[in-house]
$ cat target.txt   # compact mmCIF, C-alpha atoms
# COMPACT_ATOMS: atom_id res chain seq x y z
CA MET G 1 0.00 0.00 0.00
CA SER G 2 1.26 3.45 -0.86
CA PRO G 3 2.44 5.47 2.14
CA PHE G 4 1.34 8.64 0.32
CA ARG G 5 -2.43 8.20 0.67
CA ASP G 6 -4.36 11.11 2.14
CA PRO G 7 -6.03 9.90 5.35
CA TYR G 8 -8.32 12.94 5.28
CA SER G 9 -9.78 12.26 1.84
CA ALA G 10 -13.35 10.93 1.60
CA LYS G 11 -12.13 7.65 0.09
CA PRO G 12 -8.58 7.01 1.34
CA PHE G 13 -8.69 3.31 0.34
CA GLU G 14 -9.73 3.86 -3.27
CA GLY G 15 -7.98 1.45 -5.63
CA LEU G 16 -7.11 -1.04 -2.86
CA LYS G 17 -8.44 -4.57 -2.42
CA PHE G 18 -9.32 -5.64 1.14
CA VAL G 19 -10.50 -8.97 2.50
CA ASP G 20 -12.37 -9.15 5.79
CA VAL G 21 -11.82 -12.69 7.09
CA GLY G 22 -14.59 -13.82 9.44
CA CYS G 23 -16.70 -10.83 8.42
CA GLY G 24 -19.82 -11.85 10.33
CA GLY G 25 -22.64 -9.45 9.46
CA GLY G 26 -20.31 -7.00 7.72
CA ILE G 27 -19.70 -4.51 10.53
CA LEU G 28 -16.12 -3.91 9.31
CA SER G 29 -16.61 -4.58 5.59
CA GLU G 30 -19.16 -1.79 5.20
CA PRO G 31 -17.09 1.17 6.46
CA LEU G 32 -14.09 -0.07 4.46
CA ALA G 33 -16.24 -0.05 1.30
CA ARG G 34 -17.52 3.45 2.12
CA MET G 35 -13.86 4.57 2.36
CA GLY G 36 -13.30 3.43 -1.21
CA ALA G 37 -11.83 -0.07 -0.82
CA THR G 38 -12.87 -2.96 -3.03
CA VAL G 39 -13.99 -5.32 -0.28
CA THR G 40 -14.41 -9.08 -0.13
CA GLY G 41 -16.03 -10.32 3.08
CA ILE G 42 -15.76 -14.01 3.90
CA ASP G 43 -17.27 -16.13 6.64
CA ALA G 44 -17.61 -19.89 7.08
CA VAL G 45 -21.17 -19.46 8.42
CA GLU G 46 -23.71 -19.05 5.61
CA LYS G 47 -26.24 -17.28 7.87
CA ASN G 48 -23.69 -14.52 8.56
CA ILE G 49 -23.08 -14.02 4.85
CA ASN G 50 -26.81 -13.85 4.12
CA ILE G 51 -27.32 -11.20 6.82
CA ALA G 52 -24.29 -9.21 5.62
CA GLN G 53 -25.51 -9.27 2.01
CA LEU G 54 -29.03 -8.19 2.94
CA HIS G 55 -27.68 -5.26 4.97
CA ALA G 56 -25.13 -4.20 2.34
CA ASP G 57 -27.77 -4.16 -0.39
CA LEU G 58 -29.66 -1.42 1.49
CA ASP G 59 -26.90 1.13 0.81
CA PRO G 60 -25.44 1.96 -2.64
CA GLY G 61 -22.11 2.65 -0.92
CA THR G 62 -21.85 -0.94 0.31
CA SER G 63 -23.75 -2.94 -2.32
CA SER G 64 -20.50 -3.60 -4.21
CA ILE G 65 -19.05 -5.73 -1.37
CA GLU G 66 -18.36 -9.30 -2.48
CA TYR G 67 -19.61 -11.60 0.28
CA LEU G 68 -18.59 -15.26 0.10
CA CYS G 69 -19.33 -18.23 2.35
CA THR G 70 -15.81 -19.61 2.31
CA THR G 71 -12.53 -19.73 4.23
CA ALA G 72 -9.15 -18.03 3.94
CA GLU G 73 -7.64 -21.39 2.97
CA LYS G 74 -10.02 -21.74 0.01
CA LEU G 75 -9.21 -18.23 -1.21
CA VAL G 76 -5.51 -19.19 -1.11
CA GLU G 77 -6.31 -22.21 -3.32
CA GLU G 78 -8.01 -19.78 -5.74
CA GLN G 79 -4.78 -17.69 -5.70
CA ARG G 80 -6.59 -14.53 -4.61
CA LYS G 81 -4.41 -11.59 -3.48
CA PHE G 82 -5.29 -8.48 -1.50
CA ASP G 83 -3.58 -5.24 -0.50
CA ALA G 84 -4.88 -5.65 3.05
CA VAL G 85 -6.04 -8.73 4.96
CA LEU G 86 -8.06 -8.22 8.14
CA ALA G 87 -9.05 -10.88 10.68
CA LEU G 88 -10.69 -9.35 13.74
CA GLU G 89 -11.61 -11.61 16.65
CA VAL G 90 -11.16 -14.75 14.52
CA ILE G 91 -7.81 -16.33 15.35
CA GLU G 92 -8.92 -17.42 18.85
CA HIS G 93 -11.59 -19.59 17.21
CA VAL G 94 -9.41 -21.45 14.69
CA ALA G 95 -7.91 -24.88 15.37
CA GLU G 96 -4.44 -24.09 13.97
CA PRO G 97 -3.47 -20.41 14.45
CA ALA G 98 -0.07 -20.83 12.76
CA GLU G 99 -1.62 -22.37 9.62
CA PHE G 100 -4.33 -19.69 9.65
CA CYS G 101 -1.68 -16.95 9.69
CA LYS G 102 0.14 -18.63 6.81
CA SER G 103 -3.11 -18.43 4.84
CA LEU G 104 -3.53 -14.75 5.72
CA SER G 105 0.03 -14.14 4.55
CA ALA G 106 -0.54 -16.04 1.30
CA LEU G 107 -3.54 -13.79 0.57
CA THR G 108 -1.45 -10.63 1.02
CA VAL G 109 0.51 -8.93 -1.73
CA SER G 110 4.19 -8.28 -1.07
CA GLY G 111 4.40 -5.24 1.22
CA GLY G 112 0.66 -5.42 1.94
CA ALA G 113 -1.02 -4.99 5.30
CA ASN G 114 -2.31 -7.49 7.84
CA VAL G 115 -4.51 -6.49 10.76
CA ILE G 116 -5.39 -9.07 13.41
CA SER G 117 -7.22 -8.53 16.68
CA THR G 118 -7.70 -11.07 19.43
CA ILE G 119 -7.77 -11.61 23.21
CA ASN G 120 -4.66 -11.97 25.33
CA ARG G 121 -4.16 -15.19 27.32
CA SER G 122 -3.91 -13.38 30.65
CA MET G 123 -5.80 -13.63 33.92
CA ARG G 124 -7.22 -10.16 33.29
CA ALA G 125 -8.53 -11.35 29.93
CA TYR G 126 -10.06 -14.42 31.53
CA ALA G 127 -11.85 -12.24 34.06
CA THR G 128 -12.95 -9.67 31.48
CA ALA G 129 -13.62 -11.59 28.27
CA ILE G 130 -15.12 -14.71 29.80
CA VAL G 131 -16.42 -14.02 33.31
CA VAL G 132 -17.69 -10.47 32.74
CA ALA G 133 -18.63 -10.49 29.02
CA GLU G 134 -20.18 -13.97 28.95
CA TYR G 135 -21.50 -14.59 32.44
CA LEU G 136 -22.20 -11.19 34.01
CA LEU G 137 -23.05 -8.79 31.15
CA HIS G 138 -24.26 -11.50 28.72
CA TRP G 139 -22.67 -9.65 25.80
CA LEU G 140 -21.74 -13.05 24.34
CA PRO G 141 -23.25 -16.53 24.67
CA LYS G 142 -21.66 -18.61 27.43
CA GLY G 143 -18.90 -20.78 26.03
CA THR G 144 -18.04 -18.40 23.15
CA HIS G 145 -14.41 -18.28 24.23
CA GLU G 146 -12.00 -20.88 25.52
CA TRP G 147 -9.19 -19.27 27.53
CA SER G 148 -6.60 -21.83 26.45
CA SER G 149 -7.19 -20.83 22.80
CA PHE G 150 -6.12 -17.23 23.43
CA LEU G 151 -2.67 -16.10 22.27
CA THR G 152 -0.30 -13.75 24.05
CA PRO G 153 0.98 -10.79 22.00
CA GLU G 154 4.44 -12.39 21.97
CA GLU G 155 3.04 -15.64 20.58
CA LEU G 156 1.12 -13.82 17.87
CA VAL G 157 4.20 -11.83 16.83
CA LEU G 158 6.21 -15.06 16.55
CA ILE G 159 3.49 -16.86 14.58
CA LEU G 160 3.23 -13.91 12.18
CA GLN G 161 7.02 -13.70 11.78
CA ARG G 162 7.06 -17.38 10.77
CA ALA G 163 4.35 -16.55 8.22
CA SER G 164 6.48 -13.74 6.69
CA ILE G 165 4.55 -10.92 8.36
CA SER G 166 6.45 -8.30 10.36
CA VAL G 167 4.42 -6.68 13.13
CA GLN G 168 4.85 -2.90 12.98
CA GLU G 169 2.45 -1.73 15.69
CA MET G 170 0.29 -3.13 18.46
CA ALA G 171 -2.39 -1.52 20.60
CA GLY G 172 -5.01 -2.51 23.13
CA PHE G 173 -8.76 -1.87 23.31
CA VAL G 174 -10.21 -0.39 26.47
CA TYR G 175 -13.93 -0.14 27.27
CA ASN G 176 -15.23 2.83 29.25
CA PRO G 177 -18.42 1.73 31.07
CA LEU G 178 -19.37 5.36 31.80
CA THR G 179 -19.46 6.41 28.14
CA GLY G 180 -20.14 2.98 26.65
CA LYS G 181 -17.29 3.54 24.17
CA TRP G 182 -14.15 1.64 23.20
CA SER G 183 -10.82 3.34 22.56
CA LEU G 184 -7.26 2.39 21.64
CA SER G 185 -4.77 2.11 24.49
CA ASP G 186 -1.22 1.06 25.30
CA ASP G 187 -2.75 -1.61 27.57
CA ILE G 188 -2.63 -4.91 25.64
CA SER G 189 -3.42 -7.11 28.66
CA VAL G 190 -6.97 -7.97 27.48
CA ASN G 191 -7.96 -7.18 23.87
CA PHE G 192 -5.26 -6.21 21.39
CA ILE G 193 -4.81 -5.49 17.71
CA ALA G 194 -1.67 -5.99 15.64
CA TYR G 195 -0.73 -4.31 12.37
CA GLY G 196 1.89 -6.02 10.24
CA THR G 197 3.26 -5.96 6.72
CA LYS G 198 3.99 -8.86 4.40
CA ASN G 199 7.71 -9.22 3.86
CA THR G 200 8.83 -8.43 0.32
CA GLU G 201 9.51 -11.60 -1.58

$ encode --input "target.txt" --output "structure tokens"
Amino acid sequence: MSPFRDPYSAKPFEGLKFVDVGCGGGILSEPLARMGATVTGIDAVEKNINIAQLHADLDPGTSSIEYLCTTAEKLVEEQRKFDAVLALEVIEHVAEPAEFCKSLSALTVSGGANVISTINRSMRAYATAIVVAEYLLHWLPKGTHEWSSFLTPEELVLILQRASISVQEMAGFVYNPLTGKWSLSDDISVNFIAYGTKNTE
């Protein structure tokens, strides 16, 4: 991706191809499309794809999104390539994180971007993501997360390095219960997001 894009333009991602892996109902795919990206949203659950497509069709700015009921691995087999590959809150649900990251890397053009968010394997994350979110606040169905499937930031960096992705930046997400808003933070002890670039081949 060109470092010379204007972040203040109405469509800063124009001319770029993005894939949203594990897109769910399209909550990330839609704003990316509105910012000019050519977006492919994929999810292994057909119901999610149907919901995403129905919602996207309501807005001319998002109706161009290509939604597919498929996996990253199948897109690799089809030799698809993207300028940016995003997988938010997905890696903690896959059986083989290292193989999953290799697929994300294979989908990325040389020098392209990878963005992955997940939950840290820490006691704070256990208390917050499982006890509070699933059992106290009921934000998620009980059993959504398995603590042993979480990765530490160090583990994710190593897995990505082995998949030819160099992590450039990392940040945490913090929820403010008074405002009901999330914000980026230096605290990566619970939720965190990593931005990396595909090594030039």

$ atom_distance --input "target.txt" --atom1 "atom CA of G:Asn48" --atom2 "atom CA of G:Leu107"
21.7 Å

$ closest_residue --input "target.txt" --among "G:Leu88, G:Val45, G:Cys69, G:Leu28" --to "G:Asn191" --atoms "only C-alpha atoms"
G:Leu88

$ residues_near_point --input "target.txt" --point "(-4.4, -9.3, 23.3)" --cutoff "12 Å" --atoms "only C-alpha atoms" --output "MDAnalysis selection string"
chainID G and resid 88:89 91:92 116:126 128:129 147 149:157 170:174 185:194

$ atom_distance --input "target.txt" --atom1 "atom CA of G:Ala84" --atom2 "atom CA of G:Ile165"
12.0 Å

$ closest_residue --input "target.txt" --among "G:Phe82, G:Tyr195, G:Phe13, G:Trp182" --to "G:Thr40" --atoms "all atoms listed in the file"
G:Phe82

$ atom_distance --input "target.txt" --atom1 "atom CA of G:Tyr67" --atom2 "atom CA of G:Glu99"
23.0 Å

$ residues_around --input "target.txt" --residues "G:Glu73" --least-positions-apart "3" --cutoff "8 Å" --atoms "all atoms listed in the file" --output "list in words"
Val76, Glu77, Phe100 and Ser103 of chain G

$ residues_around --input "target.txt" --residues "stretch 49-56 of chain G" --least-positions-apart "6" --cutoff "7 Å" --atoms "all atoms listed in the file" --output "MDAnalysis selection string"
chainID G and resid 24:26 43 62:63 67:69

$ residues_near_point --input "target.txt" --point "(-5.6, -16.1, 3.5)" --cutoff "12 Å" --atoms "all atoms listed in the file" --output "MDAnalysis selection string"
chainID G and resid 18:22 40:42 70:87 97:109 114 163

$ write_last_selection --input "target.txt" --atoms "C-alpha atoms" --output "short mmCIF file (atom, residue, chain, number, x, y, z; two decimals), keeping the file's coordinate frame"
data_model
loop_
_atom_site.label_atom_id
_atom_site.label_comp_id
_atom_site.auth_asym_id
_atom_site.auth_seq_id
_atom_site.Cartn_x
_atom_site.Cartn_y
_atom_site.Cartn_z
CA PHE G 18 -9.32 -5.64 1.14
CA VAL G 19 -10.50 -8.97 2.50
CA ASP G 20 -12.37 -9.15 5.79
CA VAL G 21 -11.82 -12.69 7.09
CA GLY G 22 -14.59 -13.82 9.44
CA THR G 40 -14.41 -9.08 -0.13
CA GLY G 41 -16.03 -10.32 3.08
CA ILE G 42 -15.76 -14.01 3.90
CA THR G 70 -15.81 -19.61 2.31
CA THR G 71 -12.53 -19.73 4.23
CA ALA G 72 -9.15 -18.03 3.94
CA GLU G 73 -7.64 -21.39 2.97
CA LYS G 74 -10.02 -21.74 0.01
CA LEU G 75 -9.21 -18.23 -1.21
CA VAL G 76 -5.51 -19.19 -1.11
CA GLU G 77 -6.31 -22.21 -3.32
CA GLU G 78 -8.01 -19.78 -5.74
CA GLN G 79 -4.78 -17.69 -5.70
CA ARG G 80 -6.59 -14.53 -4.61
CA LYS G 81 -4.41 -11.59 -3.48
CA PHE G 82 -5.29 -8.48 -1.50
CA ASP G 83 -3.58 -5.24 -0.50
CA ALA G 84 -4.88 -5.65 3.05
CA VAL G 85 -6.04 -8.73 4.96
CA LEU G 86 -8.06 -8.22 8.14
CA ALA G 87 -9.05 -10.88 10.68
CA PRO G 97 -3.47 -20.41 14.45
CA ALA G 98 -0.07 -20.83 12.76
CA GLU G 99 -1.62 -22.37 9.62
CA PHE G 100 -4.33 -19.69 9.65
CA CYS G 101 -1.68 -16.95 9.69
CA LYS G 102 0.14 -18.63 6.81
CA SER G 103 -3.11 -18.43 4.84
CA LEU G 104 -3.53 -14.75 5.72
CA SER G 105 0.03 -14.14 4.55
CA ALA G 106 -0.54 -16.04 1.30
CA LEU G 107 -3.54 -13.79 0.57
CA THR G 108 -1.45 -10.63 1.02
CA VAL G 109 0.51 -8.93 -1.73
CA ASN G 114 -2.31 -7.49 7.84
CA ALA G 163 4.35 -16.55 8.22
#

$ closest_residue --input "target.txt" --among "G:Lys11, G:Lys198, G:Arg34, G:Lys47" --to "G:Gln161" --atoms "only C-alpha atoms"
G:Lys198

$ closest_residue --input "target.txt" --among "G:Lys17, G:Ile159, G:His93, G:Cys23" --to "G:Gly36" --atoms "only C-alpha atoms"
G:Lys17

$ closest_residue --input "target.txt" --among "G:Asp6, G:Leu160, G:Lys181, G:Val115" --to "G:Val90" --atoms "only C-alpha atoms"
G:Val115

$ closest_residue --input "target.txt" --among "G:Ala33, G:Leu158, G:Leu184, G:Ala113" --to "G:Thr200" --atoms "all atoms listed in the file"
G:Ala113

$ build_atoms --input "target.txt" --residues "stretch 156-184 of chain G" --atoms "N, CA and C atoms" --output "CSV table (one decimal), keeping the file's coordinate frame"
chain,number,residue,atom,x,y,z
G,156,LEU,N,1.6,-14.3,19.2
G,156,LEU,CA,1.1,-13.8,17.9
G,156,LEU,C,2.2,-13.2,17.0
G,157,VAL,N,3.1,-12.4,17.6
G,157,VAL,CA,4.2,-11.8,16.8
G,157,VAL,C,5.1,-12.9,16.2
G,158,LEU,N,5.4,-14.0,17.0
G,158,LEU,CA,6.2,-15.1,16.6
G,158,LEU,C,5.5,-15.8,15.4
G,159,ILE,N,4.2,-16.1,15.6
G,159,ILE,CA,3.5,-16.9,14.6
G,159,ILE,C,3.5,-16.1,13.3
G,160,LEU,N,3.3,-14.8,13.4
G,160,LEU,CA,3.2,-13.9,12.2
G,160,LEU,C,4.6,-13.8,11.5
G,161,GLN,N,5.7,-13.7,12.3
G,161,GLN,CA,7.0,-13.7,11.8
G,161,GLN,C,7.3,-15.0,11.0
G,162,ARG,N,6.9,-16.1,11.5
G,162,ARG,CA,7.1,-17.4,10.8
G,162,ARG,C,6.2,-17.5,9.5
G,163,ALA,N,5.2,-16.6,9.4
G,163,ALA,CA,4.4,-16.6,8.2
G,163,ALA,C,4.7,-15.4,7.3
G,164,SER,N,5.9,-14.8,7.5
G,164,SER,CA,6.5,-13.7,6.7
G,164,SER,C,5.7,-12.4,6.9
G,165,ILE,N,5.2,-12.2,8.0
G,165,ILE,CA,4.6,-10.9,8.4
G,165,ILE,C,5.3,-10.3,9.5
G,166,SER,N,5.7,-9.0,9.3
G,166,SER,CA,6.4,-8.3,10.4
G,166,SER,C,5.5,-7.4,11.1
G,167,VAL,N,5.3,-7.5,12.4
G,167,VAL,CA,4.4,-6.7,13.1
G,167,VAL,C,5.1,-5.3,13.3
G,168,GLN,N,4.3,-4.3,12.9
G,168,GLN,CA,4.8,-2.9,13.0
G,168,GLN,C,4.3,-2.2,14.2
G,169,GLU,N,3.1,-2.4,14.6
G,169,GLU,CA,2.4,-1.7,15.7
G,169,GLU,C,1.5,-2.7,16.4
G,170,MET,N,1.3,-2.4,17.7
G,170,MET,CA,0.3,-3.1,18.5
G,170,MET,C,-0.4,-2.2,19.4
G,171,ALA,N,-1.7,-2.4,19.7
G,171,ALA,CA,-2.4,-1.5,20.6
G,171,ALA,C,-3.5,-2.4,21.3
G,172,GLY,N,-3.9,-1.8,22.4
G,172,GLY,CA,-5.0,-2.5,23.1
G,172,GLY,C,-6.3,-1.8,22.9
G,173,PHE,N,-7.4,-2.5,23.3
G,173,PHE,CA,-8.8,-1.9,23.3
G,173,PHE,C,-9.2,-1.7,24.8
G,174,VAL,N,-9.7,-0.6,25.1
G,174,VAL,CA,-10.2,-0.4,26.5
G,174,VAL,C,-11.7,0.1,26.4
G,175,TYR,N,-12.5,-0.5,27.2
G,175,TYR,CA,-13.9,-0.1,27.3
G,175,TYR,C,-14.2,0.8,28.5
G,176,ASN,N,-14.9,1.9,28.2
G,176,ASN,CA,-15.2,2.8,29.2
G,176,ASN,C,-16.7,2.6,29.6
G,177,PRO,N,-17.0,2.0,30.7
G,177,PRO,CA,-18.4,1.7,31.1
G,177,PRO,C,-19.3,3.0,31.3
G,178,LEU,N,-18.6,4.1,31.6
G,178,LEU,CA,-19.4,5.4,31.8
G,178,LEU,C,-19.9,5.9,30.5
G,179,THR,N,-19.0,5.9,29.4
G,179,THR,CA,-19.5,6.4,28.1
G,179,THR,C,-20.0,5.3,27.2
G,180,GLY,N,-19.7,4.1,27.5
G,180,GLY,CA,-20.1,3.0,26.6
G,180,GLY,C,-19.3,2.9,25.4
G,181,LYS,N,-18.1,3.5,25.4
G,181,LYS,CA,-17.3,3.5,24.2
G,181,LYS,C,-16.0,2.8,24.4
G,182,TRP,N,-15.5,2.3,23.2
G,182,TRP,CA,-14.2,1.6,23.2
G,182,TRP,C,-13.1,2.6,22.7
G,183,SER,N,-11.9,2.5,23.1
G,183,SER,CA,-10.8,3.3,22.6
G,183,SER,C,-9.5,2.6,22.5
G,184,LEU,N,-8.6,3.0,21.7
G,184,LEU,CA,-7.3,2.4,21.6
G,184,LEU,C,-6.4,2.8,22.9
